[in-house]
file model05.cif (mmCIF, C-alpha atoms)
data_target
#
loop_
_atom_site.group_PDB
_atom_site.id
_atom_site.type_symbol
_atom_site.label_atom_id
_atom_site.label_comp_id
_atom_site.auth_asym_id
_atom_site.auth_seq_id
_atom_site.Cartn_x
_atom_site.Cartn_y
_atom_site.Cartn_z
ATOM 1 C CA GLY A 1 104.149 78.646 136.089
ATOM 2 C CA SER A 2 104.055 81.101 133.155
ATOM 3 C CA GLU A 3 106.095 84.317 133.345
ATOM 4 C CA TYR A 4 104.376 87.554 132.317
ATOM 5 C CA ILE A 5 106.543 90.465 131.191
ATOM 6 C CA ILE A 6 105.066 93.951 131.458
ATOM 7 C CA MET A 7 106.583 96.787 129.425
ATOM 8 C CA GLU A 8 108.634 99.109 131.629
ATOM 9 C CA PHE A 9 109.430 102.779 131.025
ATOM 10 C CA LEU A 10 112.831 103.581 132.518
ATOM 11 C CA ALA A 11 114.769 106.797 133.029
ATOM 12 C CA GLY A 12 116.408 108.502 130.048
ATOM 13 C CA ASN A 13 113.790 107.506 127.434
ATOM 14 C CA ARG A 14 114.626 103.821 127.800
ATOM 15 C CA ILE A 15 111.941 101.151 127.528
ATOM 16 C CA ARG A 16 112.005 97.416 128.163
ATOM 17 C CA GLY A 17 109.425 95.027 126.704
ATOM 18 C CA THR A 18 108.609 92.552 123.945
ATOM 19 C CA LEU A 19 108.961 92.872 120.161
ATOM 20 C CA SER A 20 105.199 93.296 119.705
ATOM 21 C CA GLU A 21 105.148 96.039 122.316
ATOM 22 C CA ARG A 22 107.962 97.889 120.533
ATOM 23 C CA THR A 23 106.237 97.841 117.134
ATOM 24 C CA GLY A 24 103.072 99.217 118.720
ATOM 25 C CA LEU A 25 104.923 102.202 120.202
ATOM 26 C CA THR A 26 105.959 104.004 117.012
ATOM 27 C CA THR A 27 103.006 106.382 116.647
ATOM 28 C CA THR A 28 99.984 107.682 118.503
ATOM 29 C CA ILE A 29 97.100 110.058 117.754
ATOM 30 C CA GLY A 30 97.807 113.702 118.535
ATOM 31 C CA SER A 31 95.530 116.573 119.494
ATOM 32 C CA ALA A 32 93.324 118.259 116.893
ATOM 33 C CA THR A 33 95.120 120.816 114.736
ATOM 34 C CA ASP A 34 94.359 122.886 111.628
ATOM 35 C CA VAL A 35 94.573 121.134 108.264
ATOM 36 C CA THR A 36 96.771 122.461 105.475
ATOM 37 C CA TRP A 37 95.199 122.832 102.040
ATOM 38 C CA GLY A 38 96.577 120.868 99.100
ATOM 39 C CA THR A 39 97.417 121.697 95.503
ATOM 40 C CA GLY A 40 93.835 120.912 94.439
ATOM 41 C CA LEU A 41 92.526 123.968 96.298
ATOM 42 C CA THR A 42 90.312 126.161 94.090
ATOM 43 C CA MET A 43 88.806 128.121 96.975
ATOM 44 C CA THR A 44 90.791 130.881 98.727
ATOM 45 C CA ASP A 45 93.125 129.856 101.552
ATOM 46 C CA SER A 46 92.080 132.100 104.448
ATOM 47 C CA GLY A 47 94.636 130.700 106.914
ATOM 48 C CA ASN A 48 94.347 128.634 110.103
ATOM 49 C CA GLY A 49 92.564 125.737 108.423
ATOM 50 C CA THR A 50 89.917 127.902 106.737
ATOM 51 C CA ALA A 51 89.015 128.355 103.075
ATOM 52 C CA THR A 52 86.563 130.756 101.415
ATOM 53 C CA GLN A 53 84.211 130.219 98.475
ATOM 54 C CA THR A 54 83.101 133.437 96.712
ATOM 55 C CA ASN A 55 81.780 131.956 93.445
ATOM 56 C CA GLN A 56 78.028 131.628 94.025
ATOM 57 C CA ASP A 57 76.215 128.461 92.848
ATOM 58 C CA SER A 58 79.204 126.530 91.542
ATOM 59 C CA TRP A 59 80.392 122.980 92.232
ATOM 60 C CA THR A 60 83.859 123.917 90.905
ATOM 61 C CA GLU A 61 85.055 125.202 94.301
ATOM 62 C CA PHE A 62 87.160 122.631 96.209
ATOM 63 C CA ALA A 63 89.209 122.560 99.404
ATOM 64 C CA PRO A 64 91.125 119.244 99.668
ATOM 65 C CA ALA A 65 93.484 118.905 102.624
ATOM 66 C CA ASN A 66 97.026 117.520 102.451
ATOM 67 C CA ASN A 67 96.551 115.660 105.702
ATOM 68 C CA ALA A 68 95.734 111.961 106.039
ATOM 69 C CA VAL A 69 93.195 110.916 108.654
ATOM 70 C CA PRO A 70 94.818 108.071 110.637
ATOM 71 C CA VAL A 71 93.064 105.003 111.982
ATOM 72 C CA GLY A 72 91.816 106.015 115.413
ATOM 73 C CA GLY A 73 91.680 109.690 114.391
ATOM 74 C CA TYR A 74 89.144 112.083 112.940
ATOM 75 C CA VAL A 75 88.605 115.225 110.887
ATOM 76 C CA GLN A 76 85.871 117.756 111.540
ATOM 77 C CA ALA A 77 84.523 120.747 109.644
ATOM 78 C CA SER A 78 81.948 123.497 109.942
ATOM 79 C CA ALA A 79 80.872 125.937 107.242
ATOM 80 C CA THR A 80 78.839 129.100 106.776
ATOM 81 C CA SER A 81 77.676 127.818 103.376
ATOM 82 C CA THR A 82 74.109 126.518 103.071
ATOM 83 C CA HIS A 83 74.942 123.835 100.465
ATOM 84 C CA TRP A 84 78.231 121.930 100.582
ATOM 85 C CA THR A 85 79.888 118.506 100.874
ATOM 86 C CA PHE A 86 82.526 117.147 103.242
ATOM 87 C CA GLY A 87 84.114 113.741 102.776
ATOM 88 C CA LEU A 88 87.057 111.371 102.775
ATOM 89 C CA ASN A 89 88.896 110.584 99.565
ATOM 90 C CA ASN A 90 91.446 107.843 98.861
ATOM 91 C CA VAL A 91 93.423 110.212 96.604
ATOM 92 C CA GLN A 92 95.352 113.146 98.091
ATOM 93 C CA ASN A 93 94.536 116.644 96.762
ATOM 94 C CA ARG A 94 91.697 115.363 94.608
ATOM 95 C CA ASN A 95 89.161 118.023 93.554
ATOM 96 C CA CYS A 96 86.352 115.933 92.151
ATOM 97 C CA PHE A 97 82.663 116.250 93.023
ATOM 98 C CA GLY A 98 81.258 112.962 94.336
ATOM 99 C CA CYS A 99 84.581 111.109 94.231
ATOM 100 C CA ASN A 100 84.868 110.454 97.978
ATOM 101 C CA VAL A 101 84.641 106.981 99.499
ATOM 102 C CA TYR A 102 82.306 108.500 102.097
ATOM 103 C CA TYR A 103 80.860 112.001 102.296
ATOM 104 C CA VAL A 104 78.159 114.106 103.897
ATOM 105 C CA HIS A 105 76.122 116.701 102.001
ATOM 106 C CA PRO A 106 74.414 119.394 104.112
ATOM 107 C CA THR A 107 71.772 120.877 101.794
ATOM 108 C CA TYR A 108 69.657 124.031 101.640
ATOM 109 C CA SER A 109 66.620 121.740 102.136
ATOM 110 C CA ASN A 110 67.647 121.342 105.809
ATOM 111 C CA THR A 111 68.775 117.741 105.328
ATOM 112 C CA ILE A 112 72.155 116.006 105.348
ATOM 113 C CA LEU A 113 72.601 113.409 102.623
ATOM 114 C CA LEU A 114 75.113 110.675 103.479
ATOM 115 C CA TYR A 115 76.855 108.877 100.601
ATOM 116 C CA ASP A 116 78.729 105.662 101.423
ATOM 117 C CA TYR A 117 80.888 103.899 98.815
ATOM 118 C CA THR A 118 83.004 101.823 101.208
ATOM 119 C CA SER A 119 81.333 98.575 100.100
ATOM 120 C CA GLY A 120 81.865 99.400 96.427
ATOM 121 C CA SER A 121 78.195 99.631 95.444
ATOM 122 C CA GLY A 122 77.211 102.878 97.157
ATOM 123 C CA SER A 123 74.330 103.736 99.465
ATOM 124 C CA GLU A 124 72.499 106.900 100.502
ATOM 125 C CA THR A 125 71.023 107.885 103.872
ATOM 126 C CA THR A 126 69.210 111.087 104.888
ATOM 127 C CA VAL A 127 69.556 112.907 108.211
ATOM 128 C CA SER A 128 67.009 115.617 108.968
ATOM 129 C CA GLY A 129 67.983 119.031 110.302
ATOM 130 C CA TRP A 130 71.216 120.976 110.492
ATOM 131 C CA SER A 131 72.479 124.548 110.908
ATOM 132 C CA GLN A 132 75.529 126.485 109.729
ATOM 133 C CA SER A 133 77.060 126.312 113.212
ATOM 134 C CA ASP A 134 77.001 122.495 113.253
ATOM 135 C CA VAL A 135 80.261 120.575 113.525
ATOM 136 C CA MET A 136 80.454 117.636 111.115
ATOM 137 C CA LYS A 137 82.979 114.990 112.167
ATOM 138 C CA LEU A 138 84.264 111.968 110.235
ATOM 139 C CA GLU A 139 86.137 109.430 112.343
ATOM 140 C CA VAL A 140 88.148 106.421 111.195
ATOM 141 C CA ASP A 141 87.717 104.137 114.181
ATOM 142 C CA SER A 142 90.151 101.472 115.407
ATOM 143 C CA SER A 143 88.463 98.891 113.163
ATOM 144 C CA SER A 144 88.778 101.172 110.079
ATOM 145 C CA ASN A 145 85.066 101.958 109.935
ATOM 146 C CA ILE A 146 84.083 105.532 109.058
ATOM 147 C CA LYS A 147 81.722 107.143 111.553
ATOM 148 C CA PHE A 148 79.803 110.384 111.021
ATOM 149 C CA TYR A 149 78.983 112.628 113.978
ATOM 150 C CA GLN A 150 76.836 115.766 113.925
ATOM 151 C CA ASN A 151 77.656 117.986 116.909
ATOM 152 C CA GLY A 152 79.153 114.996 118.710
ATOM 153 C CA VAL A 153 76.159 112.709 118.114
ATOM 154 C CA LEU A 154 76.790 109.541 116.079
ATOM 155 C CA LYS A 155 74.550 109.555 112.998
ATOM 156 C CA ASP A 156 75.996 106.851 110.751
ATOM 157 C CA THR A 157 78.617 104.106 110.449
ATOM 158 C CA SER A 158 80.019 103.066 107.073
ATOM 159 C CA ASP A 159 78.756 99.904 105.377
ATOM 160 C CA ALA A 160 82.292 98.469 105.205
ATOM 161 C CA THR A 161 85.790 99.125 106.519
ATOM 162 C CA ILE A 162 88.413 101.001 104.502
ATOM 163 C CA SER A 163 91.823 99.609 103.580
ATOM 164 C CA THR A 164 93.424 102.731 102.072
ATOM 165 C CA THR A 165 94.664 106.032 103.445
ATOM 166 C CA VAL A 166 91.976 108.727 103.271
ATOM 167 C CA TYR A 167 92.207 112.500 102.963
ATOM 168 C CA PRO A 168 89.490 115.069 103.796
ATOM 169 C CA SER A 169 87.980 117.343 101.179
ATOM 170 C CA VAL A 170 85.254 119.984 100.967
ATOM 171 C CA ASN A 171 83.266 120.973 97.887
ATOM 172 C CA MET A 172 81.122 124.100 98.335
ATOM 173 C CA TYR A 173 78.213 125.095 96.069
ATOM 174 C CA LYS A 174 76.951 128.155 97.955
ATOM 175 C CA THR A 175 79.371 130.864 99.078
ATOM 176 C CA GLY A 176 80.839 130.638 102.556
ATOM 177 C CA VAL A 177 83.817 129.812 104.726
ATOM 178 C CA VAL A 178 84.828 126.322 105.874
ATOM 179 C CA THR A 179 86.973 125.591 108.931
ATOM 180 C CA MET A 180 88.611 122.179 109.272
ATOM 181 C CA ASP A 181 90.863 120.443 111.788
ATOM 182 C CA TYR A 182 92.063 116.865 112.232
ATOM 183 C CA THR A 183 93.973 114.618 114.626
ATOM 184 C CA PRO A 184 97.405 113.770 113.185
ATOM 185 C CA GLU A 185 99.449 110.640 113.693
ATOM 186 C CA ILE A 186 102.547 111.624 115.679
ATOM 187 C CA PRO A 187 105.594 109.833 117.131
ATOM 188 C CA ALA A 188 104.731 108.187 120.430
ATOM 189 C CA LEU A 189 108.268 108.635 121.737
ATOM 190 C CA PRO A 190 111.056 111.204 121.199
ATOM 191 C CA ASP A 191 113.928 110.510 118.809
ATOM 192 C CA GLY A 192 116.797 108.749 120.566
ATOM 193 C CA SER A 193 114.552 106.517 122.683
ATOM 194 C CA ILE A 194 116.083 103.082 123.371
ATOM 195 C CA PHE A 195 113.999 99.905 123.463
ATOM 196 C CA TYR A 196 115.359 96.607 124.809
ATOM 197 C CA GLU A 197 113.401 93.554 123.632
ATOM 198 C CA THR A 198 113.180 91.028 126.440
ATOM 199 C CA ASP A 199 112.084 88.194 124.134
ATOM 200 C CA THR A 200 114.890 88.641 121.538
ATOM 201 C CA ASN A 201 117.654 90.255 123.648
ATOM 202 C CA LYS A 202 118.006 93.011 121.028
ATOM 203 C CA SER A 203 118.144 96.784 121.472
ATOM 204 C CA TYR A 204 116.769 99.453 119.111
ATOM 205 C CA VAL A 205 116.968 103.229 118.821
ATOM 206 C CA LEU A 206 114.094 105.361 117.495
ATOM 207 C CA TYR A 207 114.698 108.038 114.873
ATOM 208 C CA ASN A 208 112.128 109.817 112.720
ATOM 209 C CA GLY A 209 109.447 107.234 113.476
ATOM 210 C CA SER A 210 111.598 104.156 112.689
ATOM 211 C CA TRP A 211 113.452 101.700 114.919
ATOM 212 C CA THR A 212 117.072 100.724 114.114
ATOM 213 C CA GLU A 213 118.845 97.827 115.789
ATOM 214 C CA LEU A 214 121.903 98.765 117.823
#
call {"tool": "encode", "arguments": {"input": "model05.cif", "output": "structure tokens"}}
result
Amino acid sequence: GSEYIIMEFLAGNRIRGTLSERTGLTTTIGSATDVTWGTGLTMTDSGNGTATQTNQDSWTEFAPANNAVPVGGYVQASATSTHWTFGLNNVQNRNCFGCNVYYVHPTYSNTILLYDYTSGSGSETTVSGWSQSDVMKLEVDSSSNIKFYQNGVLKDTSDATISTTVYPSVNMYKTGVVTMDYTPEIPALPDGSIFYETDTNKSYVLYNGSWTEL
């Protein structure tokens, strides 16, 4: 009969399994943490993943984050502003109004406009009702679709999947403070972990997210 090999975790950070199991162990999704603002920041860095806009009625105020949103992860934001945008851009530290591949626009008309450019042509959807305490979340799911949640409720899924790394950004028209956190991609195992491949009879050591054959 066929022999099935199940990955084993042994003492001393040693693992035994197949090549495909090893390559899938490099990273995982960590717990939500504050973003860090990038060089494109034109708002004021208020610390702990917050930024402040004090220039009333201006689309020149940006808060792009340095941090990539990994597949399987998410970024979420809330703001005291009454008119702002929050989206995912395929260029890091980009401060450009309307340049996101997908973004949400909470407006002072009590609607949220959703702009989706993942398919290349662009589409617009309207969600009714929001408040300044709402948490807006953009998730990149395991299939690389972008999903928008308002207070934990799914409101929209992107028209197409994304194939590039995306970075979160806020553009704020009305004054206010934005708070943003995201789930980072982190090493799944500590440096120095040893993996023995049962299908190739090779051993590897992990350092700084990369495997090296011993």
call {"tool": "residues_near_point", "arguments": {"input": "model05.cif", "point": "(81.1, 114.6, 93.1)", "cutoff": "9 Å", "atoms": "only C-alpha atoms", "output": "PyMOL selection string"}}
result
chain A and resi 59+85+95-100+171
call {"tool": "axis_aligned_box", "arguments": {"input": "model05.cif", "around": "region 193-200 of chain A", "padding_each_side": "3 Å", "output": "JSON"}}
result
{"center_x": 114.1, "center_y": 97.4, "center_z": 124.0, "size_x": 10.0, "size_y": 24.3, "size_z": 10.9}
call {"tool": "atom_distance", "arguments": {"input": "model05.cif", "atom1": "CA of Tyr74 (chain A)", "atom2": "CA of Asp45 (chain A)"}}
result
21.5 Å
call {"tool": "residues_around", "arguments": {"input": "model05.cif", "residues": "region 174-183 of chain A", "least_positions_apart": "2", "cutoff": "6 Å", "atoms": "all atoms listed in the file", "output": "VMD selection string"}}
result
chain A and resid 30 to 35 49 to 54 56 to 57 73 to 81 83 172
call {"tool": "resolve_selection", "arguments": {"input": "model05.cif", "expression": "the PyMOL selection byres ((chain A and resi 139) around 10)", "output": "number ranges by chain"}}
result
A: 69-76, 88, 137-138, 140-142, 144-149, 157, 182-183
call {"tool": "write_last_selection", "arguments": {"input": "model05.cif", "atoms": "C-alpha atoms", "output": "PDB file, in the frame of the given file"}}
result
ATOM      1  CA  VAL A  69      93.195 110.916 108.654  1.00  0.00           C
ATOM      2  CA  PRO A  70      94.818 108.071 110.637  1.00  0.00           C
ATOM      3  CA  VAL A  71      93.064 105.003 111.982  1.00  0.00           C
ATOM      4  CA  GLY A  72      91.816 106.015 115.413  1.00  0.00           C
ATOM      5  CA  GLY A  73      91.680 109.690 114.391  1.00  0.00           C
ATOM      6  CA  TYR A  74      89.144 112.083 112.940  1.00  0.00           C
ATOM      7  CA  VAL A  75      88.605 115.225 110.887  1.00  0.00           C
ATOM      8  CA  GLN A  76      85.871 117.756 111.540  1.00  0.00           C
ATOM      9  CA  LEU A  88      87.057 111.371 102.775  1.00  0.00           C
ATOM     10  CA  LYS A 137      82.979 114.990 112.167  1.00  0.00           C
ATOM     11  CA  LEU A 138      84.264 111.968 110.235  1.00  0.00           C
ATOM     12  CA  VAL A 140      88.148 106.421 111.195  1.00  0.00           C
ATOM     13  CA  ASP A 141      87.717 104.137 114.181  1.00  0.00           C
ATOM     14  CA  SER A 142      90.151 101.472 115.407  1.00  0.00           C
ATOM     15  CA  SER A 144      88.778 101.172 110.079  1.00  0.00           C
ATOM     16  CA  ASN A 145      85.066 101.958 109.935  1.00  0.00           C
ATOM     17  CA  ILE A 146      84.083 105.532 109.058  1.00  0.00           C
ATOM     18  CA  LYS A 147      81.722 107.143 111.553  1.00  0.00           C
ATOM     19  CA  PHE A 148      79.803 110.384 111.021  1.00  0.00           C
ATOM     20  CA  TYR A 149      78.983 112.628 113.978  1.00  0.00           C
ATOM     21  CA  THR A 157      78.617 104.106 110.449  1.00  0.00           C
ATOM     22  CA  TYR A 182      92.063 116.865 112.232  1.00  0.00           C
ATOM     23  CA  THR A 183      93.973 114.618 114.626  1.00  0.00           C
TER      24      THR A 183
END
call {"tool": "atom_distance", "arguments": {"input": "model05.cif", "atom1": "CA of Leu113 (chain A)", "atom2": "CA of Ser128 (chain A)"}}
result
8.7 Å
call {"tool": "closest_residue", "arguments": {"input": "model05.cif", "among": "A:Thr125, A:Asn89, A:Ser109, A:Gln150", "to": "Val166 (chain A)", "atoms": "only C-alpha atoms"}}
result
A:Asn89
call {"tool": "resolve_selection", "arguments": {"input": "model05.cif", "expression": "the PyMOL selection byres ((chain A and resi 119) around 12)", "output": "list in words"}}
result
Val101, Tyr102, Tyr115, Asp116, Tyr117, Thr118, Gly120, Ser121, Gly122, Ser123, Asn145, Ile146, Ser158, Asp159, Ala160, Thr161, Ile162 and Ser163 of chain A
call {"tool": "resolve_selection", "arguments": {"input": "model05.cif", "expression": "the PyMOL selection byres ((chain A and resi 61-65) around 8)", "output": "VMD selection string"}}
result
chain A and resid 35 to 43 51 53 55 58 to 60 66 to 67 92 to 96 167 to 173
call {"tool": "closest_residue", "arguments": {"input": "model05.cif", "among": "A:Thr28, A:Thr18, A:Asn90, A:Thr82", "to": "His105 (chain A)", "atoms": "all atoms listed in the file"}}
result
A:Thr82
call {"tool": "closest_residue", "arguments": {"input": "model05.cif", "among": "A:Thr198, A:Trp130, A:Ile112, A:Gly87", "to": "Leu19 (chain A)", "atoms": "all atoms listed in the file"}}
result
A:Thr198
call {"tool": "atom_distance", "arguments": {"input": "model05.cif", "atom1": "CA of Phe86 (chain A)", "atom2": "CA of Thr164 (chain A)"}}
result
18.1 Å
call {"tool": "residues_around", "arguments": {"input": "model05.cif", "residues": "region 204-208 of chain A", "least_positions_apart": "6", "cutoff": "12 Å", "atoms": "only C-alpha atoms", "output": "PyMOL selection string"}}
result
chain A and resi 13-19+22-23+25-27+186-198+214
call {"tool": "closest_residue", "arguments": {"input": "model05.cif", "among": "A:Ser133, A:Thr126, A:Thr212, A:Asn48", "to": "Tyr103 (chain A)", "atoms": "all atoms listed in the file"}}
result
A:Thr126
call {"tool": "build_atoms", "arguments": {"input": "model05.cif", "residues": "region 134-145 of chain A", "atoms": "N, CA, C and O atoms", "output": "mmCIF file, keeping the file's coordinate frame"}}
result
data_model
loop_
_atom_site.group_PDB
_atom_site.id
_atom_site.type_symbol
_atom_site.label_atom_id
_atom_site.label_comp_id
_atom_site.auth_asym_id
_atom_site.auth_seq_id
_atom_site.Cartn_x
_atom_site.Cartn_y
_atom_site.Cartn_z
ATOM 1 N N ASP A 134 76.771 123.901 112.920
ATOM 2 C CA ASP A 134 77.001 122.495 113.253
ATOM 3 C C ASP A 134 78.425 122.057 112.923
ATOM 4 O O ASP A 134 79.005 122.488 111.920
ATOM 5 N N VAL A 135 78.957 121.186 113.766
ATOM 6 C CA VAL A 135 80.261 120.575 113.525
ATOM 7 C C VAL A 135 80.045 119.171 112.973
ATOM 8 O O VAL A 135 79.418 118.324 113.612
ATOM 9 N N MET A 136 80.552 118.936 111.771
ATOM 10 C CA MET A 136 80.454 117.636 111.115
ATOM 11 C C MET A 136 81.786 116.910 111.306
ATOM 12 O O MET A 136 82.834 117.426 110.917
ATOM 13 N N LYS A 137 81.742 115.731 111.892
ATOM 14 C CA LYS A 137 82.979 114.990 112.167
ATOM 15 C C LYS A 137 82.956 113.629 111.493
ATOM 16 O O LYS A 137 81.971 112.901 111.571
ATOM 17 N N LEU A 138 84.069 113.281 110.823
ATOM 18 C CA LEU A 138 84.264 111.968 110.235
ATOM 19 C C LEU A 138 85.430 111.293 110.947
ATOM 20 O O LEU A 138 86.555 111.793 110.934
ATOM 21 N N GLU A 139 85.142 110.180 111.573
ATOM 22 C CA GLU A 139 86.137 109.430 112.343
ATOM 23 C C GLU A 139 86.464 108.126 111.621
ATOM 24 O O GLU A 139 85.571 107.470 111.078
ATOM 25 N N VAL A 140 87.740 107.756 111.626
ATOM 26 C CA VAL A 140 88.148 106.421 111.195
ATOM 27 C C VAL A 140 88.458 105.655 112.477
ATOM 28 O O VAL A 140 89.479 105.908 113.116
ATOM 29 N N ASP A 141 87.549 104.765 112.877
ATOM 30 C CA ASP A 141 87.717 104.137 114.181
ATOM 31 C C ASP A 141 88.804 103.063 114.148
ATOM 32 O O ASP A 141 89.421 102.798 113.112
ATOM 33 N N SER A 142 89.046 102.429 115.291
ATOM 34 C CA SER A 142 90.151 101.472 115.407
ATOM 35 C C SER A 142 89.967 100.241 114.535
ATOM 36 O O SER A 142 90.929 99.513 114.275
ATOM 37 N N SER A 143 88.735 100.009 114.063
ATOM 38 C CA SER A 143 88.463 98.891 113.163
ATOM 39 C C SER A 143 88.438 99.316 111.702
ATOM 40 O O SER A 143 88.090 98.520 110.824
ATOM 41 N N SER A 144 88.764 100.586 111.426
ATOM 42 C CA SER A 144 88.778 101.172 110.079
ATOM 43 C C SER A 144 87.381 101.381 109.498
ATOM 44 O O SER A 144 87.209 101.434 108.276
ATOM 45 N N ASN A 145 86.376 101.487 110.363
ATOM 46 C CA ASN A 145 85.066 101.958 109.935
ATOM 47 C C ASN A 145 85.057 103.481 109.946
ATOM 48 O O ASN A 145 85.733 104.109 110.766
#
